[in-house]
Amino acid sequence: MNPKTTSRGLVAEVIQYVAGVIILVFGVIMIAGAMASEKTKLTETSDLVLFLLLGVLPALFGGWLLFAARKNTRLRRLDAMENLVLQIAARYGGKLTATELAMNSKLSITQANEVLESFTKQNVAYLKITNNGTYVYQFEGIISQQDKDQAESLKSLIYKE
């Protein structure tokens, strides 16, 4: 399991987001204050250094923190969606249609098709077509308990024991 999907990862993500907002707002306020001040002359070296250190750099760092927190949110949601799809596929014996996925999740049929296609692109599932033209996605590694019980050891297959 990805550590970003745990509750500790979620807390870190929220802290990162809040810190990013605070630092970005601080930087923007400092930039606005420097621009509005009649005493500040950005042509002088000391004023320019303060402007960069207290305004521009915090604004950039806060923006980067917000961007990273948003990226982590997307990754966490993607991990959760993948986990849900695999659980649903396991309930259906490793074979799943987009309609079944949509019925068992909050996804629309179009979104379910896109998610299942992404699994085929990752070579986690492969596409089958029924006689009536329905697409069925067969997930690699999800097999029935009977198939697991009937599995033979590699040693016996290789050495014909």
# chains A, B, ... in the order shown; residues from 1 in each chain; ligands from 1
>>> closest_atom_pairs(of="range 4-81 of chain A", to="range 85-107 of chain A", cutoff="10 Å", atoms="only C-alpha atoms", output="tab-separated table")
residue	atom	partner	partner_atom	distance
A:Asp79	CA	A:Val85	CA	10.0
A:Ala80	CA	A:Val85	CA	8.7
A:Met81	CA	A:Val85	CA	6.2
>>> write_last_selection(atoms="N, CA, C and O atoms", output="PDB file, in the first residue's frame")
ATOM      1  N   ASP A  79      -4.908   5.817  -6.518  1.00  0.00           N
ATOM      2  CA  ASP A  79      -4.625   4.582  -5.786  1.00  0.00           C
ATOM      3  C   ASP A  79      -5.902   3.985  -5.202  1.00  0.00           C
ATOM      4  O   ASP A  79      -6.125   2.770  -5.266  1.00  0.00           O
ATOM      5  N   ALA A  80      -6.758   4.839  -4.638  1.00  0.00           N
ATOM      6  CA  ALA A  80      -8.018   4.362  -4.067  1.00  0.00           C
ATOM      7  C   ALA A  80      -8.920   3.778  -5.158  1.00  0.00           C
ATOM      8  O   ALA A  80      -9.564   2.741  -4.954  1.00  0.00           O
ATOM      9  N   MET A  81      -8.938   4.431  -6.331  1.00  0.00           N
ATOM     10  CA  MET A  81      -9.768   3.936  -7.436  1.00  0.00           C
ATOM     11  C   MET A  81      -9.251   2.591  -7.933  1.00  0.00           C
ATOM     12  O   MET A  81     -10.023   1.665  -8.183  1.00  0.00           O
TER      13      MET A  81
END
>>> residues_around(residues="Phe26 in chain A", least_positions_apart="6", cutoff="9 Å", atoms="only C-alpha atoms", output="JSON, numbers by chain")
{"A": [54, 55, 58, 59, 62]}
>>> write_last_selection(atoms="C-alpha atoms", output="tab-separated table (two decimals), in the first residue's frame")
chain	number	residue	atom	x	y	z
A	54	LEU	CA	10.41	38.09	1.74
A	55	GLY	CA	8.11	38.30	-1.26
A	58	PRO	CA	7.87	32.64	-0.29
A	59	ALA	CA	5.27	33.11	-3.02
A	62	GLY	CA	3.99	28.39	-1.36
>>> atom_distance(atom1="CA of Leu60 in chain A", atom2="CA of Arg8 in chain A")
26.0 Å
>>> residues_around(residues="Val28 in chain A", least_positions_apart="2", cutoff="12 Å", atoms="only C-alpha atoms", output="PDB file with N, CA, C and O atoms, in the first residue's frame")
ATOM      1  N   VAL A  21      -0.697  27.491   1.392  1.00  0.00           N
ATOM      2  CA  VAL A  21      -1.591  28.664   1.321  1.00  0.00           C
ATOM      3  C   VAL A  21      -1.032  29.796   2.172  1.00  0.00           C
ATOM      4  O   VAL A  21      -0.961  30.948   1.725  1.00  0.00           O
ATOM      5  N   ILE A  22      -0.624  29.465   3.403  1.00  0.00           N
ATOM      6  CA  ILE A  22      -0.118  30.503   4.314  1.00  0.00           C
ATOM      7  C   ILE A  22       1.134  31.165   3.742  1.00  0.00           C
ATOM      8  O   ILE A  22       1.252  32.401   3.723  1.00  0.00           O
ATOM      9  N   ILE A  23       2.062  30.369   3.251  1.00  0.00           N
ATOM     10  CA  ILE A  23       3.315  30.917   2.722  1.00  0.00           C
ATOM     11  C   ILE A  23       3.065  31.717   1.446  1.00  0.00           C
ATOM     12  O   ILE A  23       3.644  32.792   1.243  1.00  0.00           O
ATOM     13  N   LEU A  24       2.178  31.219   0.592  1.00  0.00           N
ATOM     14  CA  LEU A  24       1.851  31.946  -0.632  1.00  0.00           C
ATOM     15  C   LEU A  24       1.205  33.289  -0.312  1.00  0.00           C
ATOM     16  O   LEU A  24       1.582  34.318  -0.886  1.00  0.00           O
ATOM     17  N   VAL A  25       0.254  33.297   0.606  1.00  0.00           N
ATOM     18  CA  VAL A  25      -0.416  34.545   0.985  1.00  0.00           C
ATOM     19  C   VAL A  25       0.592  35.526   1.594  1.00  0.00           C
ATOM     20  O   VAL A  25       0.580  36.721   1.277  1.00  0.00           O
ATOM     21  N   PHE A  26       1.480  35.023   2.452  1.00  0.00           N
ATOM     22  CA  PHE A  26       2.514  35.883   3.026  1.00  0.00           C
ATOM     23  C   PHE A  26       3.354  36.518   1.923  1.00  0.00           C
ATOM     24  O   PHE A  26       3.598  37.735   1.935  1.00  0.00           O
ATOM     25  N   MET A  30       3.629  40.497   0.962  1.00  0.00           N
ATOM     26  CA  MET A  30       4.915  41.198   0.982  1.00  0.00           C
ATOM     27  C   MET A  30       5.199  41.847  -0.378  1.00  0.00           C
ATOM     28  O   MET A  30       5.721  42.971  -0.437  1.00  0.00           O
ATOM     29  N   ILE A  31       4.885  41.166  -1.442  1.00  0.00           N
ATOM     30  CA  ILE A  31       5.077  41.741  -2.785  1.00  0.00           C
ATOM     31  C   ILE A  31       4.185  42.966  -2.950  1.00  0.00           C
ATOM     32  O   ILE A  31       4.635  44.028  -3.424  1.00  0.00           O
ATOM     33  N   ALA A  32       2.911  42.847  -2.571  1.00  0.00           N
ATOM     34  CA  ALA A  32       1.974  43.962  -2.698  1.00  0.00           C
ATOM     35  C   ALA A  32       2.419  45.136  -1.831  1.00  0.00           C
ATOM     36  O   ALA A  32       2.344  46.301  -2.257  1.00  0.00           O
ATOM     37  N   GLY A  33       2.890  44.836  -0.614  1.00  0.00           N
ATOM     38  CA  GLY A  33       3.368  45.897   0.268  1.00  0.00           C
ATOM     39  C   GLY A  33       4.571  46.616  -0.304  1.00  0.00           C
ATOM     40  O   GLY A  33       4.678  47.843  -0.228  1.00  0.00           O
ATOM     41  N   ALA A  34       5.481  45.860  -0.886  1.00  0.00           N
ATOM     42  CA  ALA A  34       6.677  46.477  -1.474  1.00  0.00           C
ATOM     43  C   ALA A  34       6.315  47.334  -2.676  1.00  0.00           C
ATOM     44  O   ALA A  34       6.887  48.413  -2.874  1.00  0.00           O
ATOM     45  N   MET A  35       5.357  46.867  -3.451  1.00  0.00           N
ATOM     46  CA  MET A  35       4.953  47.625  -4.636  1.00  0.00           C
ATOM     47  C   MET A  35       4.191  48.901  -4.252  1.00  0.00           C
ATOM     48  O   MET A  35       4.321  49.927  -4.918  1.00  0.00           O
ATOM     49  N   PHE A  51      12.914  42.252  -1.107  1.00  0.00           N
ATOM     50  CA  PHE A  51      11.761  41.959  -1.960  1.00  0.00           C
ATOM     51  C   PHE A  51      11.803  40.511  -2.430  1.00  0.00           C
ATOM     52  O   PHE A  51      10.801  39.801  -2.391  1.00  0.00           O
ATOM     53  N   LEU A  52      12.977  40.053  -2.852  1.00  0.00           N
ATOM     54  CA  LEU A  52      13.113  38.672  -3.316  1.00  0.00           C
ATOM     55  C   LEU A  52      12.976  37.670  -2.172  1.00  0.00           C
ATOM     56  O   LEU A  52      12.277  36.664  -2.292  1.00  0.00           O
ATOM     57  N   LEU A  54      11.657  38.068   0.969  1.00  0.00           N
ATOM     58  CA  LEU A  54      10.411  38.090   1.742  1.00  0.00           C
ATOM     59  C   LEU A  54       9.152  38.072   0.885  1.00  0.00           C
ATOM     60  O   LEU A  54       8.063  37.866   1.419  1.00  0.00           O
ATOM     61  N   GLY A  55       9.292  38.264  -0.406  1.00  0.00           N
ATOM     62  CA  GLY A  55       8.112  38.301  -1.263  1.00  0.00           C
ATOM     63  C   GLY A  55       8.094  37.214  -2.314  1.00  0.00           C
ATOM     64  O   GLY A  55       7.243  36.329  -2.301  1.00  0.00           O
ATOM     65  N   VAL A  56       9.038  37.296  -3.216  1.00  0.00           N
ATOM     66  CA  VAL A  56       9.026  36.395  -4.370  1.00  0.00           C
ATOM     67  C   VAL A  56       9.296  34.940  -3.964  1.00  0.00           C
ATOM     68  O   VAL A  56       8.559  34.034  -4.358  1.00  0.00           O
ATOM     69  N   LEU A  57      10.348  34.706  -3.189  1.00  0.00           N
ATOM     70  CA  LEU A  57      10.678  33.323  -2.812  1.00  0.00           C
ATOM     71  C   LEU A  57       9.569  32.646  -2.008  1.00  0.00           C
ATOM     72  O   LEU A  57       9.208  31.507  -2.314  1.00  0.00           O
ATOM     73  N   PRO A  58       8.988  33.294  -0.983  1.00  0.00           N
ATOM     74  CA  PRO A  58       7.874  32.641  -0.292  1.00  0.00           C
ATOM     75  C   PRO A  58       6.673  32.379  -1.209  1.00  0.00           C
ATOM     76  O   PRO A  58       6.027  31.341  -1.100  1.00  0.00           O
ATOM     77  N   ALA A  59       6.392  33.312  -2.100  1.00  0.00           N
ATOM     78  CA  ALA A  59       5.275  33.114  -3.024  1.00  0.00           C
ATOM     79  C   ALA A  59       5.535  31.902  -3.926  1.00  0.00           C
ATOM     80  O   ALA A  59       4.646  31.060  -4.137  1.00  0.00           O
ATOM     81  N   LEU A  60       6.734  31.792  -4.444  1.00  0.00           N
ATOM     82  CA  LEU A  60       7.077  30.644  -5.292  1.00  0.00           C
ATOM     83  C   LEU A  60       7.051  29.340  -4.504  1.00  0.00           C
ATOM     84  O   LEU A  60       6.522  28.324  -4.972  1.00  0.00           O
ATOM     85  N   PHE A  61       7.611  29.356  -3.289  1.00  0.00           N
ATOM     86  CA  PHE A  61       7.633  28.147  -2.465  1.00  0.00           C
ATOM     87  C   PHE A  61       6.219  27.732  -2.062  1.00  0.00           C
ATOM     88  O   PHE A  61       5.870  26.553  -2.101  1.00  0.00           O
ATOM     89  N   GLY A  62       5.384  28.693  -1.697  1.00  0.00           N
ATOM     90  CA  GLY A  62       3.993  28.391  -1.358  1.00  0.00           C
ATOM     91  C   GLY A  62       3.242  27.812  -2.549  1.00  0.00           C
ATOM     92  O   GLY A  62       2.474  26.862  -2.406  1.00  0.00           O
ATOM     93  N   GLY A  63       3.472  28.374  -3.721  1.00  0.00           N
ATOM     94  CA  GLY A  63       2.847  27.837  -4.930  1.00  0.00           C
ATOM     95  C   GLY A  63       3.293  26.421  -5.221  1.00  0.00           C
ATOM     96  O   GLY A  63       2.494  25.561  -5.598  1.00  0.00           O
TER      97      GLY A  63
END
>>> select_by_dssp(residues="chain A", states="strand (DSSP E or B)", output="number ranges by chain")
A: 95-96, 125-129, 135-139
>>> write_last_selection(atoms="C-alpha atoms", output="mmCIF file, in the first residue's frame")
data_model
loop_
_atom_site.group_PDB
_atom_site.id
_atom_site.type_symbol
_atom_site.label_atom_id
_atom_site.label_comp_id
_atom_site.auth_asym_id
_atom_site.auth_seq_id
_atom_site.Cartn_x
_atom_site.Cartn_y
_atom_site.Cartn_z
ATOM 1 C CA LYS A 95 -13.700 -10.764 -15.124
ATOM 2 C CA LEU A 96 -15.402 -7.400 -15.222
ATOM 3 C CA ALA A 125 -5.977 -6.773 -17.547
ATOM 4 C CA TYR A 126 -6.669 -7.890 -21.069
ATOM 5 C CA LEU A 127 -9.726 -7.447 -23.194
ATOM 6 C CA LYS A 128 -12.084 -10.213 -24.273
ATOM 7 C CA ILE A 129 -15.219 -9.870 -26.391
ATOM 8 C CA TYR A 135 -16.192 -6.106 -23.691
ATOM 9 C CA VAL A 136 -14.994 -8.164 -20.729
ATOM 10 C CA TYR A 137 -11.782 -7.268 -18.931
ATOM 11 C CA GLN A 138 -9.890 -10.263 -17.535
ATOM 12 C CA PHE A 139 -7.567 -9.259 -14.705
#
>>> atom_distance(atom1="CA of Ile143 in chain A", atom2="CA of Leu78 in chain A")
23.6 Å
>>> atom_distance(atom1="CA of Asn113 in chain A", atom2="CA of Asn72 in chain A")
24.0 Å
>>> closest_residue(among="A:Glu82, A:Ala69, A:Leu157, A:Gln150", to="Val124 in chain A", atoms="only C-alpha atoms")
A:Glu82
